[in-house]
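**Q** The following file, model_38.txt, comprises compact mmCIF, N, CA and C atoms:
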# COMPACT_ATOMS: atom_id res chain seq x y z
N MET Z 265 0.83 -1.19 0.00
CA MET Z 265 0.00 0.00 0.00
C MET Z 265 0.88 1.26 0.00
N ARG Z 266 1.93 1.23 0.81
CA ARG Z 266 2.82 2.39 0.89
C ARG Z 266 3.49 2.62 -0.46
N TRP Z 267 3.86 1.55 -1.17
CA TRP Z 267 4.52 1.66 -2.46
C TRP Z 267 3.60 2.36 -3.45
N ILE Z 268 2.31 2.03 -3.41
CA ILE Z 268 1.34 2.66 -4.30
C ILE Z 268 1.26 4.15 -3.98
N LEU Z 269 1.26 4.48 -2.70
CA LEU Z 269 1.22 5.88 -2.28
C LEU Z 269 2.46 6.63 -2.75
N ILE Z 270 3.62 6.03 -2.61
CA ILE Z 270 4.85 6.66 -3.05
C ILE Z 270 4.82 6.88 -4.56
N GLY Z 271 4.37 5.86 -5.29
CA GLY Z 271 4.27 5.99 -6.74
C GLY Z 271 3.29 7.07 -7.15
N SER Z 272 2.18 7.17 -6.44
CA SER Z 272 1.19 8.21 -6.74
C SER Z 272 1.76 9.60 -6.48
N MET Z 273 2.53 9.73 -5.39
CA MET Z 273 3.13 11.01 -5.08
C MET Z 273 4.15 11.40 -6.14
N ALA Z 274 4.94 10.45 -6.60
CA ALA Z 274 5.93 10.74 -7.64
C ALA Z 274 5.25 11.15 -8.94
N ALA Z 275 4.15 10.46 -9.28
CA ALA Z 275 3.40 10.81 -10.49
C ALA Z 275 2.80 12.21 -10.37
N ALA Z 276 2.29 12.54 -9.19
CA ALA Z 276 1.71 13.87 -8.98
C ALA Z 276 2.78 14.95 -9.13
N LEU Z 277 3.96 14.71 -8.59
CA LEU Z 277 5.04 15.67 -8.73
C LEU Z 277 5.44 15.85 -10.20
N ALA Z 278 5.48 14.74 -10.92
CA ALA Z 278 5.88 14.80 -12.32
C ALA Z 278 4.86 15.59 -13.14
N THR Z 279 3.58 15.43 -12.85
CA THR Z 279 2.56 16.15 -13.62
C THR Z 279 2.58 17.64 -13.31
N ARG Z 280 3.11 18.03 -12.17
CA ARG Z 280 3.22 19.44 -11.82
C ARG Z 280 4.53 20.04 -12.32
N GLY Z 281 5.32 19.26 -13.02
CA GLY Z 281 6.58 19.76 -13.54
C GLY Z 281 7.76 19.56 -12.61
N TRP Z 282 7.53 18.95 -11.47
CA TRP Z 282 8.62 18.67 -10.55
C TRP Z 282 9.06 17.24 -10.77
N ALA Z 283 10.26 17.06 -11.18
CA ALA Z 283 10.76 15.71 -11.41
C ALA Z 283 11.67 15.28 -10.27
N ALA Z 284 11.56 14.02 -9.92
CA ALA Z 284 12.43 13.47 -8.89
C ALA Z 284 13.83 13.32 -9.48
N THR Z 285 14.84 13.56 -8.66
CA THR Z 285 16.21 13.37 -9.12
C THR Z 285 16.54 11.89 -9.13
N GLY Z 286 17.62 11.55 -9.77
CA GLY Z 286 18.06 10.16 -9.79
C GLY Z 286 18.32 9.63 -8.39
N ALA Z 287 18.88 10.49 -7.53
CA ALA Z 287 19.15 10.07 -6.15
C ALA Z 287 17.85 9.80 -5.40
N GLN Z 288 16.84 10.64 -5.61
CA GLN Z 288 15.55 10.43 -4.96
C GLN Z 288 14.90 9.14 -5.44
N CYS Z 289 14.97 8.89 -6.73
CA CYS Z 289 14.41 7.65 -7.28
C CYS Z 289 15.14 6.44 -6.72
N GLY Z 290 16.45 6.53 -6.65
CA GLY Z 290 17.24 5.43 -6.09
C GLY Z 290 16.90 5.17 -4.64
N GLU Z 291 16.66 6.23 -3.88
CA GLU Z 291 16.30 6.09 -2.48
C GLU Z 291 14.94 5.42 -2.33
N ILE Z 292 13.99 5.83 -3.14
CA ILE Z 292 12.65 5.22 -3.10
C ILE Z 292 12.74 3.74 -3.46
N LEU Z 293 13.51 3.44 -4.49
CA LEU Z 293 13.67 2.06 -4.92
C LEU Z 293 14.34 1.21 -3.84
N GLN Z 294 15.37 1.76 -3.20
CA GLN Z 294 16.06 1.02 -2.14
C GLN Z 294 15.14 0.75 -0.96
N ARG Z 295 14.32 1.74 -0.60
CA ARG Z 295 13.36 1.52 0.50
C ARG Z 295 12.38 0.42 0.14
N ALA Z 296 11.97 0.36 -1.12
CA ALA Z 296 11.05 -0.68 -1.55
C ALA Z 296 11.72 -2.05 -1.53
N LEU Z 297 12.99 -2.13 -1.93
CA LEU Z 297 13.72 -3.40 -1.90
C LEU Z 297 13.94 -3.90 -0.48
N ASP Z 298 14.04 -2.97 0.48
CA ASP Z 298 14.27 -3.32 1.88
C ASP Z 298 12.97 -3.47 2.68
N ALA Z 299 11.84 -3.27 2.05
CA ALA Z 299 10.55 -3.28 2.75
C ALA Z 299 10.26 -4.65 3.35
N ARG Z 300 9.46 -4.66 4.39
CA ARG Z 300 9.05 -5.92 5.02
C ARG Z 300 8.02 -6.65 4.16
N ASN Z 301 7.19 -5.89 3.49
CA ASN Z 301 6.11 -6.46 2.69
C ASN Z 301 6.68 -7.10 1.41
N PRO Z 302 6.48 -8.41 1.20
CA PRO Z 302 7.02 -9.04 0.00
C PRO Z 302 6.43 -8.50 -1.29
N GLU Z 303 5.19 -8.03 -1.27
CA GLU Z 303 4.58 -7.46 -2.48
C GLU Z 303 5.29 -6.17 -2.88
N THR Z 304 5.70 -5.39 -1.89
CA THR Z 304 6.46 -4.18 -2.18
C THR Z 304 7.80 -4.53 -2.80
N ARG Z 305 8.46 -5.55 -2.25
CA ARG Z 305 9.73 -6.00 -2.83
C ARG Z 305 9.52 -6.54 -4.24
N ASN Z 306 8.40 -7.23 -4.48
CA ASN Z 306 8.06 -7.72 -5.82
C ASN Z 306 7.98 -6.56 -6.81
N GLN Z 307 7.29 -5.50 -6.42
CA GLN Z 307 7.13 -4.34 -7.29
C GLN Z 307 8.48 -3.67 -7.55
N ALA Z 308 9.34 -3.63 -6.54
CA ALA Z 308 10.66 -3.04 -6.73
C ALA Z 308 11.49 -3.88 -7.70
N VAL Z 309 11.38 -5.19 -7.61
CA VAL Z 309 12.08 -6.07 -8.54
C VAL Z 309 11.59 -5.83 -9.97
N ALA Z 310 10.29 -5.66 -10.13
CA ALA Z 310 9.74 -5.37 -11.46
C ALA Z 310 10.29 -4.05 -11.99
N ALA Z 311 10.42 -3.07 -11.12
CA ALA Z 311 11.00 -1.79 -11.54
C ALA Z 311 12.46 -1.95 -11.94
N LEU Z 312 13.20 -2.77 -11.21
CA LEU Z 312 14.61 -2.99 -11.54
C LEU Z 312 14.76 -3.67 -12.90
N SER Z 313 13.79 -4.49 -13.27
CA SER Z 313 13.89 -5.19 -14.55
C SER Z 313 13.81 -4.24 -15.73
N LEU Z 314 13.31 -3.04 -15.50
CA LEU Z 314 13.22 -2.05 -16.57
C LEU Z 314 14.55 -1.34 -16.80
N ALA Z 315 15.47 -1.53 -15.88
CA ALA Z 315 16.79 -0.89 -15.99
C ALA Z 315 17.66 -1.70 -16.95
N SER Z 316 18.81 -1.21 -17.21
CA SER Z 316 19.78 -1.85 -18.09
C SER Z 316 20.19 -3.22 -17.57
N GLY Z 317 20.72 -4.04 -18.43
CA GLY Z 317 21.20 -5.37 -18.06
C GLY Z 317 22.56 -5.36 -17.40
N ARG Z 318 23.03 -4.19 -17.01
CA ARG Z 318 24.31 -4.09 -16.32
C ARG Z 318 24.29 -2.87 -15.40
N GLY Z 319 25.31 -2.73 -14.60
CA GLY Z 319 25.41 -1.57 -13.72
C GLY Z 319 24.85 -1.85 -12.33
N PRO Z 320 24.81 -0.80 -11.51
CA PRO Z 320 24.42 -0.98 -10.11
C PRO Z 320 22.98 -1.46 -9.93
N LEU Z 321 22.08 -1.03 -10.79
CA LEU Z 321 20.69 -1.49 -10.66
C LEU Z 321 20.57 -2.97 -10.99
N PHE Z 322 21.34 -3.42 -11.97
CA PHE Z 322 21.33 -4.85 -12.29
C PHE Z 322 21.90 -5.65 -11.13
N VAL Z 323 22.94 -5.14 -10.50
CA VAL Z 323 23.54 -5.83 -9.35
C VAL Z 323 22.50 -5.97 -8.23
N GLN Z 324 21.71 -4.91 -8.01
CA GLN Z 324 20.66 -5.00 -6.99
C GLN Z 324 19.63 -6.06 -7.36
N LEU Z 325 19.26 -6.12 -8.63
CA LEU Z 325 18.31 -7.14 -9.08
C LEU Z 325 18.86 -8.54 -8.83
N GLU Z 326 20.11 -8.74 -9.18
CA GLU Z 326 20.76 -10.04 -8.98
C GLU Z 326 20.82 -10.40 -7.50
N GLN Z 327 21.09 -9.43 -6.64
CA GLN Z 327 21.17 -9.68 -5.20
C GLN Z 327 19.82 -10.11 -4.62
N MET Z 328 18.74 -9.69 -5.26
CA MET Z 328 17.41 -10.04 -4.77
C MET Z 328 17.11 -11.53 -4.98
N LEU Z 329 17.97 -12.25 -5.69
CA LEU Z 329 17.82 -13.70 -5.80
C LEU Z 329 17.97 -14.37 -4.43
N GLN Z 330 18.52 -13.65 -3.47
CA GLN Z 330 18.72 -14.18 -2.12
C GLN Z 330 17.59 -13.80 -1.16
N ASP Z 331 16.52 -13.20 -1.68
CA ASP Z 331 15.42 -12.78 -0.82
C ASP Z 331 14.84 -13.97 -0.09
N LYS Z 332 14.31 -13.72 1.12
CA LYS Z 332 13.76 -14.80 1.93
C LYS Z 332 12.41 -15.30 1.42
N ASP Z 333 11.73 -14.50 0.60
CA ASP Z 333 10.39 -14.85 0.12
C ASP Z 333 10.49 -15.48 -1.28
N VAL Z 334 9.90 -16.65 -1.44
CA VAL Z 334 9.99 -17.37 -2.71
C VAL Z 334 9.33 -16.59 -3.85
N GLU Z 335 8.25 -15.88 -3.56
CA GLU Z 335 7.58 -15.13 -4.63
C GLU Z 335 8.45 -13.98 -5.14
N VAL Z 336 9.24 -13.39 -4.26
CA VAL Z 336 10.16 -12.34 -4.69
C VAL Z 336 11.25 -12.95 -5.55
N ARG Z 337 11.78 -14.09 -5.14
CA ARG Z 337 12.81 -14.76 -5.95
C ARG Z 337 12.26 -15.14 -7.32
N GLN Z 338 11.00 -15.59 -7.37
CA GLN Z 338 10.38 -15.92 -8.66
C GLN Z 338 10.26 -14.67 -9.53
N ALA Z 339 9.93 -13.55 -8.92
CA ALA Z 339 9.83 -12.29 -9.67
C ALA Z 339 11.20 -11.89 -10.22
N VAL Z 340 12.26 -12.13 -9.44
CA VAL Z 340 13.61 -11.83 -9.90
C VAL Z 340 13.95 -12.68 -11.12
N VAL Z 341 13.64 -13.97 -11.05
CA VAL Z 341 13.92 -14.86 -12.18
C VAL Z 341 13.17 -14.40 -13.42
N ALA Z 342 11.90 -14.05 -13.26
CA ALA Z 342 11.11 -13.55 -14.40
C ALA Z 342 11.70 -12.26 -14.94
N SER Z 343 12.14 -11.39 -14.05
CA SER Z 343 12.73 -10.13 -14.48
C SER Z 343 14.04 -10.35 -15.22
N LEU Z 344 14.87 -11.24 -14.69
CA LEU Z 344 16.14 -11.55 -15.36
C LEU Z 344 15.90 -12.15 -16.73
N ALA Z 345 14.87 -12.97 -16.86
CA ALA Z 345 14.54 -13.57 -18.16
C ALA Z 345 14.13 -12.49 -19.17
N ASN Z 346 13.52 -11.43 -18.67
CA ASN Z 346 13.08 -10.35 -19.56
C ASN Z 346 14.21 -9.41 -19.96
N VAL Z 347 15.28 -9.37 -19.18
CA VAL Z 347 16.39 -8.47 -19.47
C VAL Z 347 17.12 -8.90 -20.75
N LYS Z 348 17.27 -10.19 -20.96
CA LYS Z 348 17.88 -10.74 -22.17
C LYS Z 348 19.28 -10.16 -22.45
N SER Z 349 20.17 -10.35 -21.50
CA SER Z 349 21.56 -9.95 -21.68
C SER Z 349 22.43 -11.11 -21.19
N GLU Z 350 23.71 -11.03 -21.53
CA GLU Z 350 24.63 -12.09 -21.10
C GLU Z 350 24.75 -12.12 -19.58
N SER Z 351 24.77 -10.94 -18.96
CA SER Z 351 24.88 -10.91 -17.50
C SER Z 351 23.62 -11.46 -16.84
N ALA Z 352 22.46 -11.24 -17.44
CA ALA Z 352 21.21 -11.81 -16.90
C ALA Z 352 21.21 -13.33 -17.06
N ALA Z 353 21.69 -13.81 -18.19
CA ALA Z 353 21.77 -15.26 -18.40
C ALA Z 353 22.73 -15.89 -17.38
N ALA Z 354 23.84 -15.23 -17.13
CA ALA Z 354 24.80 -15.74 -16.14
C ALA Z 354 24.18 -15.77 -14.75
N ALA Z 355 23.41 -14.73 -14.39
CA ALA Z 355 22.75 -14.70 -13.08
C ALA Z 355 21.71 -15.81 -12.98
N LEU Z 356 20.99 -16.08 -14.07
CA LEU Z 356 20.00 -17.16 -14.06
C LEU Z 356 20.67 -18.53 -13.91
N HIS Z 357 21.80 -18.72 -14.59
CA HIS Z 357 22.54 -19.98 -14.44
C HIS Z 357 23.04 -20.15 -13.02
N LYS Z 358 23.52 -19.06 -12.43
CA LYS Z 358 24.00 -19.11 -11.05
C LYS Z 358 22.84 -19.46 -10.10
N ALA Z 359 21.69 -18.85 -10.32
CA ALA Z 359 20.51 -19.13 -9.48
C ALA Z 359 20.07 -20.58 -9.65
N TRP Z 360 20.16 -21.09 -10.84
CA TRP Z 360 19.75 -22.46 -11.13
C TRP Z 360 20.62 -23.46 -10.37
N ARG Z 361 21.90 -23.14 -10.22
CA ARG Z 361 22.84 -24.03 -9.53
C ARG Z 361 22.80 -23.88 -8.02
N THR Z 362 22.21 -22.79 -7.53
CA THR Z 362 22.16 -22.53 -6.09
C THR Z 362 20.99 -23.25 -5.46
N PRO Z 363 21.21 -23.97 -4.37
CA PRO Z 363 20.10 -24.63 -3.69
C PRO Z 363 19.08 -23.60 -3.19
N CYS Z 364 17.83 -24.02 -3.13
CA CYS Z 364 16.75 -23.14 -2.65
C CYS Z 364 16.96 -22.79 -1.19
N LEU Z 365 16.56 -21.58 -0.85
CA LEU Z 365 16.59 -21.17 0.56
C LEU Z 365 15.46 -21.84 1.30
N LYS Z 366 15.67 -22.16 2.55
CA LYS Z 366 14.61 -22.80 3.35
C LYS Z 366 14.20 -21.92 4.48
Represent the supplied structure as structure tokens.

**A**
Amino acid sequence: MRWILIGSMAAALATRGWAATGAQCGEILQRALDARNPETRNQAVAALSLASGRGPLFVQLEQMLQDKDVEVRQAVVASLANVKSESAAAALHKAWRTPCLK
């Protein structure tokens, strides 16, 4: 619910001509990745999948393969599959070889 509110606030700012800076966007995204609610983390993973197949945002996406919630890890796998880059393929192979978290 909080993620929806944050997204709505960002959209409202954008329509008024106020754009969030890259640092502000990164901070919002990091808070969503660290959230207790797995649905919020799912949405953050989906947002990360829209980023490039390399760089710091990709590294964050790859790190989310270690999330404690299986649905979040599934979202990461789906996101990595959509990225279609060599680094995403390597991350998927690594995840495939890693035993499931219990």

**Q** Pick the closest to Ala315 (chain Z) from Z:Val347, Z:Leu356, Z:Ala299, Z:Arg361: which is it, counting all atoms listed in the file?

**A**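 When distances to Ala315 (chain Z) are compared using all atoms listed in the file, the smallest one comes from Z:Val347.
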
**Q** Measuring atom to atom with only N, CA and C atoms, identify which of Z:Ser351, Z:Arg305, Z:Gly317, Z:Thr285 is nearest to Arg337 (chain Z).

**A**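 So, comparing all the options, the nearest one is Z:Arg305.
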
**Q** What is the CA of Leu321 (chain Z)-CA of Ala354 (chain Z) distance in Å, reported with one decimal?

**A**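 CA of Ala354 (chain Z) lies at a distance of 15.8 Å from CA of Leu321 (chain Z).
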
**Q** In Å to one decimal, how far is CA of Gln294 (chain Z) from CA of Lys358 (chain Z)?

**A**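 Separation of CA of Lys358 (chain Z) and CA of Gln294 (chain Z): 23.4 Å.
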
**Q** Work out how far CA of Val309 (chain Z) is from CA of Val334 (chain Z), in Å to one decimal.

**A**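 Separation of CA of Val334 (chain Z) and CA of Val309 (chain Z): 12.9 Å.
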
**Q** Would you mind telling me which residue in Z:Ala310, Z:Ala352, Z:Gly319, Z:Glu326 lies nearest to Ala339 (chain Z) when using all atoms listed in the file?

**A**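 Distance minimum relative to Ala339 (chain Z) lands on Z:Ala310.
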
**Q** Quick one: 6 Å padding each side, axis-aligned, all listed atoms of region 329-334 of chain Z - centre and edge lengths in Å to one decimal, as JSON?

**A**
{"center_x": 14.0, "center_y": -14.8, "center_z": -1.9, "size_x": 21.4, "size_y": 17.1, "size_z": 19.7}

**Q** Give the answer as one residue: which of Z:Val336, Z:Gln330, Z:Ala287, Z:Pro320 has the shortest atom-to-atom distance to Glu303 (chain Z), using only N, CA and C atoms?

**A**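 Nearest to Glu303 (chain Z): Z:Val336.
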
**Q** Measuring atom to atom with all atoms listed in the file, identify which of Z:Leu297, Z:Leu314, Z:Ala359, Z:Met328 is nearest to Ser343 (chain Z).

**A**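 Under the stated criterion, the closest residue is Z:Leu314.
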
**Q** Between Z:Ala308, Z:Asp333, Z:Lys348, Z:Thr362, which has the minimum distance to Arg295 (chain Z) (counting all atoms listed in the file)?

**A**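 The closest residue to Arg295 (chain Z) is Z:Ala308.
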